[in-house]
Amino acid sequence: MHFNLFLLVCVAIGVFAHSGPHKVPHRSIVQRQNQLSRRCADHVANFNKRRINRRWEASGRNATFEITTEAPFYETVQNDTCVLTPEVTSGPYVWPRSQILRQDMAEDQVGVPLWLDIGVLDMATCEPLPNALVDLWHCNATGSYSSFTELSPNTPFSELLTQLNITGFDAGVTDLHTDDSTWLRGIWPTDENGIMEMKTIFPGFYVDRAIHIHVQVHTEWSTRENGTIIAGNTISTGQLYFEEELEQKIMTLPPYLSHTQINRTINAADSFFSGGTKGGYNPVVSVVPADGKDVRNGVIGYITVGVDTSVIETFDK
């Protein structure tokens, strides 16, 4: 199934299209989502109690593994990032067989530590959505994606396709993966409060794109023995961003500063970002320093994702 993914914020207005493999939602669906957002605004405002106990025990893959996990930093869904984002492209670096059920997807990648606390809200009920599988992937500090390490992050994608002699590219369908690496890819379900946490590193950048993280949400999901997803109901893909001021600070640190072959695209110049902020939409993650002092030592980012559970599409991988 396929929900339209949107980041919850207090008011959502307007309708617009994004490039990518997905069809633009029908106007009636977008209008319904906007109504749901307004109806749920007061409910979201109540989800602001800070978590006290940050350690908990949770079941792991297919309920057959016991995993000690890091608890979310907030025990209720946050409402600081208060708007919806419409459906956007999943991008060319999708490889589901590398998305693994885990809470730490950094592996050996070097960079500023980032803990993402993501709340998922069911817009049909205005309640947090438990056991929703949040699916995340992004590039490393110098712009490369795992599973696609042989594709240069400094070459425009159209040129890469020409070099590979590929025509008729369809994001999410055309297979461009070059290897079996899995770093900076991970999936994890929300807890009973509709919240999940993922440890990673702050992303770098690649040609023509602002710094971003890809996100999907799945329900009614199942996984293989190795923790990769088999089937479920998928929300259309969205992208998360960060404030320019934060990015400027982190890009001065190693290994980010070694990426000098291309200039970084800022949010204001990124076509997907500008489209995702029209009509009051806001895909920007709220952050605080992990040590309470300096974001360069690590950051906690939180955002709320709202899902319209009435618009569904089933998938198998």
# chains A, B, ... in the order shown; residues from 1 in each chain; ligands from 1
call {"tool": "residues_around", "arguments": {"residues": "A:Gln99", "least_positions_apart": "4", "cutoff": "9 Å", "atoms": "only C-alpha atoms", "output": "list in words"}}
result
Trp95, Asp135, Leu136, Trp137, Thr182, Leu184, Arg185, Gly186, Ile187, Gly227, Thr228 and Ile229 of chain A
call {"tool": "select_by_dssp", "arguments": {"residues": "stretch 82-143 of chain A", "states": "strand (DSSP E)", "output": "list of chain:residue names"}}
result
A:Pro113, A:Leu114, A:Trp115, A:Leu116, A:Asp117, A:Ile118, A:Gly119, A:Val120, A:Leu121, A:Asp122, A:Glu127, A:Pro128, A:Leu133, A:Val134, A:Asp135, A:Leu136, A:Trp137
call {"tool": "write_last_selection", "arguments": {"atoms": "C-alpha atoms", "output": "PDB file, in the first residue's frame"}}
result
ATOM      1  CA  PRO A 113      27.005  11.859  14.961  1.00  0.00           C
ATOM      2  CA  LEU A 114      23.293  12.354  14.271  1.00  0.00           C
ATOM      3  CA  TRP A 115      20.435  10.840  16.247  1.00  0.00           C
ATOM      4  CA  LEU A 116      17.117  11.142  14.408  1.00  0.00           C
ATOM      5  CA  ASP A 117      13.988  11.025  16.555  1.00  0.00           C
ATOM      6  CA  ILE A 118      11.007  10.613  14.231  1.00  0.00           C
ATOM      7  CA  GLY A 119       7.380  10.603  15.306  1.00  0.00           C
ATOM      8  CA  VAL A 120       4.712   9.112  13.036  1.00  0.00           C
ATOM      9  CA  LEU A 121       1.122  10.326  13.329  1.00  0.00           C
ATOM     10  CA  ASP A 122      -1.956   8.643  11.852  1.00  0.00           C
ATOM     11  CA  GLU A 127      -2.984   9.572  17.167  1.00  0.00           C
ATOM     12  CA  PRO A 128       0.639   8.356  17.122  1.00  0.00           C
ATOM     13  CA  LEU A 133       8.510   0.953   9.844  1.00  0.00           C
ATOM     14  CA  VAL A 134      10.568   4.090   9.141  1.00  0.00           C
ATOM     15  CA  ASP A 135      12.997   3.603   6.247  1.00  0.00           C
ATOM     16  CA  LEU A 136      16.012   5.959   5.942  1.00  0.00           C
ATOM     17  CA  TRP A 137      18.987   6.343   3.598  1.00  0.00           C
TER      18      TRP A 137
END
call {"tool": "closest_residue", "arguments": {"among": "A:Val215, A:Leu161, A:Leu129, A:Leu253", "to": "A:Asp308", "atoms": "only C-alpha atoms"}}
result
A:Leu129
call {"tool": "atom_distance", "arguments": {"atom1": "atom CA of A:Asn263", "atom2": "atom CA of A:Ser98"}}
result
28.7 Å
call {"tool": "select_by_dssp", "arguments": {"residues": "stretch 240-300 of chain A", "states": "helix (DSSP H, G or I)", "output": "list of chain:residue names"}}
result
A:Glu244, A:Glu245, A:Leu246, A:Glu247, A:Gln248, A:Lys249, A:Ile250, A:Tyr256, A:Leu257, A:Ser258, A:Asn267, A:Ala268, A:Ala269, A:Ser271, A:Phe272, A:Phe273, A:Ser274, A:Gly275, A:Gly276, A:Lys278, A:Gly279, A:Gly280, A:Val295, A:Arg296, A:Asn297
call {"tool": "write_last_selection", "arguments": {"atoms": "N, CA and C atoms", "output": "PDB file, in the first residue's frame"}}
result
ATOM      1  N   GLU A 244      20.417  25.917   6.876  1.00  0.00           N
ATOM      2  CA  GLU A 244      21.671  26.291   6.224  1.00  0.00           C
ATOM      3  C   GLU A 244      22.751  26.649   7.242  1.00  0.00           C
ATOM      4  N   GLU A 245      22.398  27.333   8.298  1.00  0.00           N
ATOM      5  CA  GLU A 245      23.386  27.738   9.306  1.00  0.00           C
ATOM      6  C   GLU A 245      24.062  26.516   9.931  1.00  0.00           C
ATOM      7  N   LEU A 246      23.286  25.483  10.216  1.00  0.00           N
ATOM      8  CA  LEU A 246      23.840  24.247  10.765  1.00  0.00           C
ATOM      9  C   LEU A 246      24.766  23.578   9.759  1.00  0.00           C
ATOM     10  N   GLU A 247      24.350  23.525   8.511  1.00  0.00           N
ATOM     11  CA  GLU A 247      25.159  22.889   7.473  1.00  0.00           C
ATOM     12  C   GLU A 247      26.501  23.593   7.303  1.00  0.00           C
ATOM     13  N   GLN A 248      26.488  24.906   7.349  1.00  0.00           N
ATOM     14  CA  GLN A 248      27.738  25.662   7.202  1.00  0.00           C
ATOM     15  C   GLN A 248      28.734  25.298   8.294  1.00  0.00           C
ATOM     16  N   LYS A 249      28.267  25.120   9.516  1.00  0.00           N
ATOM     17  CA  LYS A 249      29.153  24.770  10.622  1.00  0.00           C
ATOM     18  C   LYS A 249      29.752  23.378  10.431  1.00  0.00           C
ATOM     19  N   ILE A 250      28.918  22.435  10.061  1.00  0.00           N
ATOM     20  CA  ILE A 250      29.375  21.053   9.976  1.00  0.00           C
ATOM     21  C   ILE A 250      30.256  20.825   8.756  1.00  0.00           C
ATOM     22  N   TYR A 256      34.093  16.183   5.952  1.00  0.00           N
ATOM     23  CA  TYR A 256      33.252  16.948   5.022  1.00  0.00           C
ATOM     24  C   TYR A 256      34.068  17.949   4.205  1.00  0.00           C
ATOM     25  N   LEU A 257      35.015  18.620   4.875  1.00  0.00           N
ATOM     26  CA  LEU A 257      35.755  19.686   4.194  1.00  0.00           C
ATOM     27  C   LEU A 257      36.668  19.169   3.093  1.00  0.00           C
ATOM     28  N   SER A 258      36.883  17.843   3.040  1.00  0.00           N
ATOM     29  CA  SER A 258      37.718  17.282   1.978  1.00  0.00           C
ATOM     30  C   SER A 258      36.991  17.183   0.648  1.00  0.00           C
ATOM     31  N   ASN A 267      20.080  24.972   0.230  1.00  0.00           N
ATOM     32  CA  ASN A 267      18.652  24.666   0.180  1.00  0.00           C
ATOM     33  C   ASN A 267      17.897  25.559  -0.804  1.00  0.00           C
ATOM     34  N   ALA A 268      18.211  26.842  -0.782  1.00  0.00           N
ATOM     35  CA  ALA A 268      17.474  27.795  -1.612  1.00  0.00           C
ATOM     36  C   ALA A 268      17.654  27.527  -3.105  1.00  0.00           C
ATOM     37  N   ALA A 269      18.742  26.840  -3.475  1.00  0.00           N
ATOM     38  CA  ALA A 269      19.006  26.562  -4.889  1.00  0.00           C
ATOM     39  C   ALA A 269      18.592  25.150  -5.299  1.00  0.00           C
ATOM     40  N   SER A 271      15.963  22.370  -6.271  1.00  0.00           N
ATOM     41  CA  SER A 271      14.608  22.392  -6.817  1.00  0.00           C
ATOM     42  C   SER A 271      13.630  21.588  -5.963  1.00  0.00           C
ATOM     43  N   PHE A 272      14.070  20.486  -5.391  1.00  0.00           N
ATOM     44  CA  PHE A 272      13.171  19.686  -4.562  1.00  0.00           C
ATOM     45  C   PHE A 272      12.857  20.389  -3.247  1.00  0.00           C
ATOM     46  N   PHE A 273      13.872  21.052  -2.674  1.00  0.00           N
ATOM     47  CA  PHE A 273      13.635  21.772  -1.428  1.00  0.00           C
ATOM     48  C   PHE A 273      12.660  22.922  -1.636  1.00  0.00           C
ATOM     49  N   SER A 274      12.880  23.710  -2.685  1.00  0.00           N
ATOM     50  CA  SER A 274      12.006  24.856  -2.921  1.00  0.00           C
ATOM     51  C   SER A 274      10.584  24.412  -3.195  1.00  0.00           C
ATOM     52  N   GLY A 275      10.414  23.298  -3.910  1.00  0.00           N
ATOM     53  CA  GLY A 275       9.074  22.776  -4.134  1.00  0.00           C
ATOM     54  C   GLY A 275       8.437  22.295  -2.858  1.00  0.00           C
ATOM     55  N   GLY A 276       9.259  21.697  -1.970  1.00  0.00           N
ATOM     56  CA  GLY A 276       8.729  21.132  -0.741  1.00  0.00           C
ATOM     57  C   GLY A 276       8.389  22.143   0.322  1.00  0.00           C
ATOM     58  N   LYS A 278       6.730  25.207  -0.555  1.00  0.00           N
ATOM     59  CA  LYS A 278       5.663  26.086  -1.017  1.00  0.00           C
ATOM     60  C   LYS A 278       4.388  25.835  -0.220  1.00  0.00           C
ATOM     61  N   GLY A 279       3.573  26.859  -0.085  1.00  0.00           N
ATOM     62  CA  GLY A 279       2.283  26.704   0.572  1.00  0.00           C
ATOM     63  C   GLY A 279       2.388  26.422   2.055  1.00  0.00           C
ATOM     64  N   GLY A 280       3.510  26.772   2.684  1.00  0.00           N
ATOM     65  CA  GLY A 280       3.650  26.568   4.116  1.00  0.00           C
ATOM     66  C   GLY A 280       4.228  25.233   4.514  1.00  0.00           C
ATOM     67  N   VAL A 295      26.940  21.861  18.273  1.00  0.00           N
ATOM     68  CA  VAL A 295      26.397  20.935  17.272  1.00  0.00           C
ATOM     69  C   VAL A 295      27.498  20.189  16.538  1.00  0.00           C
ATOM     70  N   ARG A 296      28.712  20.714  16.555  1.00  0.00           N
ATOM     71  CA  ARG A 296      29.811  20.049  15.862  1.00  0.00           C
ATOM     72  C   ARG A 296      30.243  18.766  16.561  1.00  0.00           C
ATOM     73  N   ASN A 297      29.780  18.581  17.805  1.00  0.00           N
ATOM     74  CA  ASN A 297      30.089  17.358  18.543  1.00  0.00           C
ATOM     75  C   ASN A 297      29.015  16.286  18.368  1.00  0.00           C
TER      76      ASN A 297
END
call {"tool": "residues_around", "arguments": {"residues": "A:Arg209", "least_positions_apart": "6", "cutoff": "8 Å", "atoms": "only C-alpha atoms", "output": "mmCIF file with N, CA and C atoms, in the first residue's frame"}}
result
data_model
loop_
_atom_site.group_PDB
_atom_site.id
_atom_site.type_symbol
_atom_site.label_atom_id
_atom_site.label_comp_id
_atom_site.auth_asym_id
_atom_site.auth_seq_id
_atom_site.Cartn_x
_atom_site.Cartn_y
_atom_site.Cartn_z
ATOM 1 N N ARG A 264 28.867 22.978 -2.918
ATOM 2 C CA ARG A 264 27.650 22.477 -2.273
ATOM 3 C C ARG A 264 26.437 23.285 -2.721
ATOM 4 N N THR A 265 25.360 22.600 -3.066
ATOM 5 C CA THR A 265 24.094 23.252 -3.400
ATOM 6 C C THR A 265 23.363 23.590 -2.106
ATOM 7 N N ILE A 266 23.022 24.850 -1.901
ATOM 8 C CA ILE A 266 22.300 25.248 -0.693
ATOM 9 C C ILE A 266 20.812 24.976 -0.866
ATOM 10 N N ASP A 270 18.079 24.368 -4.379
ATOM 11 C CA ASP A 270 17.697 22.985 -4.655
ATOM 12 C C ASP A 270 16.234 22.941 -5.093
#
call {"tool": "residues_around", "arguments": {"residues": "A:His212", "least_positions_apart": "5", "cutoff": "8 Å", "atoms": "only C-alpha atoms", "output": "PyMOL selection string"}}
result
chain A and resi 138+203+205+239-242
call {"tool": "write_last_selection", "arguments": {"atoms": "all heavy atoms", "output": "tab-separated table (two decimals), in the first residue's frame"}}
result
chain	number	residue	atom	x	y	z
A	138	HIS	N	20.85	7.84	3.15
A	138	HIS	CA	21.46	9.10	2.71
A	138	HIS	C	22.92	8.86	2.37
A	138	HIS	O	23.49	7.80	2.65
A	138	HIS	CB	21.32	10.18	3.79
A	138	HIS	CG	22.01	9.90	5.08
A	138	HIS	ND1	23.36	10.12	5.28
A	138	HIS	CD2	21.55	9.42	6.27
A	138	HIS	CE1	23.69	9.81	6.51
A	138	HIS	NE2	22.62	9.36	7.13
A	203	PRO	N	24.65	13.94	7.00
A	203	PRO	CA	24.97	13.68	5.59
A	203	PRO	C	25.91	14.72	5.00
A	203	PRO	O	25.97	15.87	5.45
A	203	PRO	CB	23.60	13.75	4.89
A	203	PRO	CG	22.59	13.72	6.00
A	203	PRO	CD	23.25	14.29	7.20
A	205	PHE	N	27.10	15.94	0.79
A	205	PHE	CA	26.34	16.39	-0.37
A	205	PHE	C	26.92	15.80	-1.64
A	205	PHE	O	28.07	15.34	-1.68
A	205	PHE	CB	26.35	17.92	-0.46
A	205	PHE	CG	27.72	18.52	-0.64
A	205	PHE	CD1	28.24	18.77	-1.90
A	205	PHE	CD2	28.51	18.84	0.46
A	205	PHE	CE1	29.51	19.30	-2.08
A	205	PHE	CE2	29.79	19.39	0.30
A	205	PHE	CZ	30.28	19.61	-0.97
A	239	GLN	N	11.78	13.68	1.59
A	239	GLN	CA	13.16	14.03	1.87
A	239	GLN	C	13.21	15.03	3.02
A	239	GLN	O	12.42	15.97	3.06
A	239	GLN	CB	13.84	14.60	0.62
A	239	GLN	CG	13.93	13.58	-0.51
A	239	GLN	CD	14.56	14.13	-1.77
A	239	GLN	OE1	15.24	15.16	-1.74
A	239	GLN	NE2	14.34	13.46	-2.89
A	240	LEU	N	14.15	14.82	3.96
A	240	LEU	CA	14.33	15.69	5.10
A	240	LEU	C	15.56	16.56	4.89
A	240	LEU	O	16.55	16.12	4.31
A	240	LEU	CB	14.50	14.85	6.37
A	240	LEU	CG	13.47	13.76	6.63
A	240	LEU	CD1	13.78	13.06	7.96
A	240	LEU	CD2	12.06	14.31	6.62
A	241	TYR	N	15.50	17.79	5.39
A	241	TYR	CA	16.58	18.76	5.20
A	241	TYR	C	16.98	19.38	6.53
A	241	TYR	O	16.35	19.14	7.56
A	241	TYR	CB	16.15	19.86	4.23
A	241	TYR	CG	15.78	19.37	2.85
A	241	TYR	CD1	14.49	18.93	2.57
A	241	TYR	CD2	16.71	19.36	1.82
A	241	TYR	CE1	14.15	18.48	1.30
A	241	TYR	CE2	16.38	18.92	0.55
A	241	TYR	CZ	15.09	18.47	0.31
A	241	TYR	OH	14.75	18.03	-0.96
A	242	PHE	N	18.01	20.21	6.50
A	242	PHE	CA	18.51	20.89	7.69
A	242	PHE	C	18.70	22.38	7.39
A	242	PHE	O	18.80	22.78	6.23
A	242	PHE	CB	19.85	20.28	8.12
A	242	PHE	CG	19.75	18.82	8.47
A	242	PHE	CD1	19.92	17.85	7.50
A	242	PHE	CD2	19.46	18.43	9.77
A	242	PHE	CE1	19.82	16.51	7.80
A	242	PHE	CE2	19.35	17.08	10.08
A	242	PHE	CZ	19.52	16.12	9.10
call {"tool": "closest_residue", "arguments": {"among": "A:Asp175, A:Glu220, A:Asp208, A:Glu107", "to": "A:Pro189", "atoms": "only C-alpha atoms"}}
result
A:Glu220
call {"tool": "atom_distance", "arguments": {"atom1": "atom CA of A:Leu160", "atom2": "atom CA of A:Ile211"}}
result
19.9 Å
call {"tool": "atom_distance", "arguments": {"atom1": "atom CA of A:Val217", "atom2": "atom CA of A:Asn233"}}
result
8.3 Å
call {"tool": "residues_around", "arguments": {"residues": "A:Tyr145", "least_positions_apart": "5", "cutoff": "12 Å", "atoms": "only C-alpha atoms", "output": "count of residues only"}}
result
31
call {"tool": "decode", "arguments": {"residues": "stretch 101-115 of chain A", "atoms": "N, CA and C atoms", "output": "mmCIF file, in the first residue's frame"}}
result
data_model
loop_
_atom_site.group_PDB
_atom_site.id
_atom_site.type_symbol
_atom_site.label_atom_id
_atom_site.label_comp_id
_atom_site.auth_asym_id
_atom_site.auth_seq_id
_atom_site.Cartn_x
_atom_site.Cartn_y
_atom_site.Cartn_z
ATOM 1 N N LEU A 101 17.060 -3.824 9.126
ATOM 2 C CA LEU A 101 16.389 -3.542 10.386
ATOM 3 C C LEU A 101 17.436 -3.344 11.483
ATOM 4 N N ARG A 102 17.618 -2.097 11.908
ATOM 5 C CA ARG A 102 18.613 -1.760 12.920
ATOM 6 C C ARG A 102 18.411 -0.318 13.353
ATOM 7 N N GLN A 103 19.006 0.055 14.480
ATOM 8 C CA GLN A 103 18.884 1.419 14.983
ATOM 9 C C GLN A 103 20.166 2.227 14.850
ATOM 10 N N ASP A 104 21.234 1.598 14.415
ATOM 11 C CA ASP A 104 22.487 2.304 14.173
ATOM 12 C C ASP A 104 22.946 1.936 12.768
ATOM 13 N N MET A 105 22.826 2.877 11.839
ATOM 14 C CA MET A 105 23.153 2.580 10.444
ATOM 15 C C MET A 105 24.464 3.253 10.008
ATOM 16 N N ALA A 106 25.225 3.780 10.973
ATOM 17 C CA ALA A 106 26.453 4.493 10.626
ATOM 18 C C ALA A 106 27.538 3.557 10.113
ATOM 19 N N GLU A 107 27.602 2.332 10.653
ATOM 20 C CA GLU A 107 28.683 1.391 10.334
ATOM 21 C C GLU A 107 30.040 2.078 10.520
ATOM 22 N N ASP A 108 30.902 2.035 9.498
ATOM 23 C CA ASP A 108 32.251 2.587 9.642
ATOM 24 C C ASP A 108 32.374 4.012 9.110
ATOM 25 N N GLN A 109 31.259 4.648 8.816
ATOM 26 C CA GLN A 109 31.313 5.976 8.202
ATOM 27 C C GLN A 109 31.657 7.057 9.227
ATOM 28 N N VAL A 110 32.588 7.925 8.846
ATOM 29 C CA VAL A 110 33.068 8.985 9.734
ATOM 30 C C VAL A 110 32.283 10.265 9.471
ATOM 31 N N GLY A 111 31.901 10.951 10.545
ATOM 32 C CA GLY A 111 31.178 12.202 10.415
ATOM 33 C C GLY A 111 30.593 12.611 11.755
ATOM 34 N N VAL A 112 29.921 13.735 11.777
ATOM 35 C CA VAL A 112 29.292 14.228 13.002
ATOM 36 C C VAL A 112 28.122 13.304 13.361
ATOM 37 N N PRO A 113 28.107 12.748 14.575
ATOM 38 C CA PRO A 113 27.005 11.859 14.961
ATOM 39 C C PRO A 113 25.653 12.566 14.881
ATOM 40 N N LEU A 114 24.655 11.831 14.396
ATOM 41 C CA LEU A 114 23.293 12.354 14.271
ATOM 42 C C LEU A 114 22.326 11.304 14.782
ATOM 43 N N TRP A 115 21.513 11.698 15.770
ATOM 44 C CA TRP A 115 20.435 10.840 16.247
ATOM 45 C C TRP A 115 19.129 11.434 15.759
#
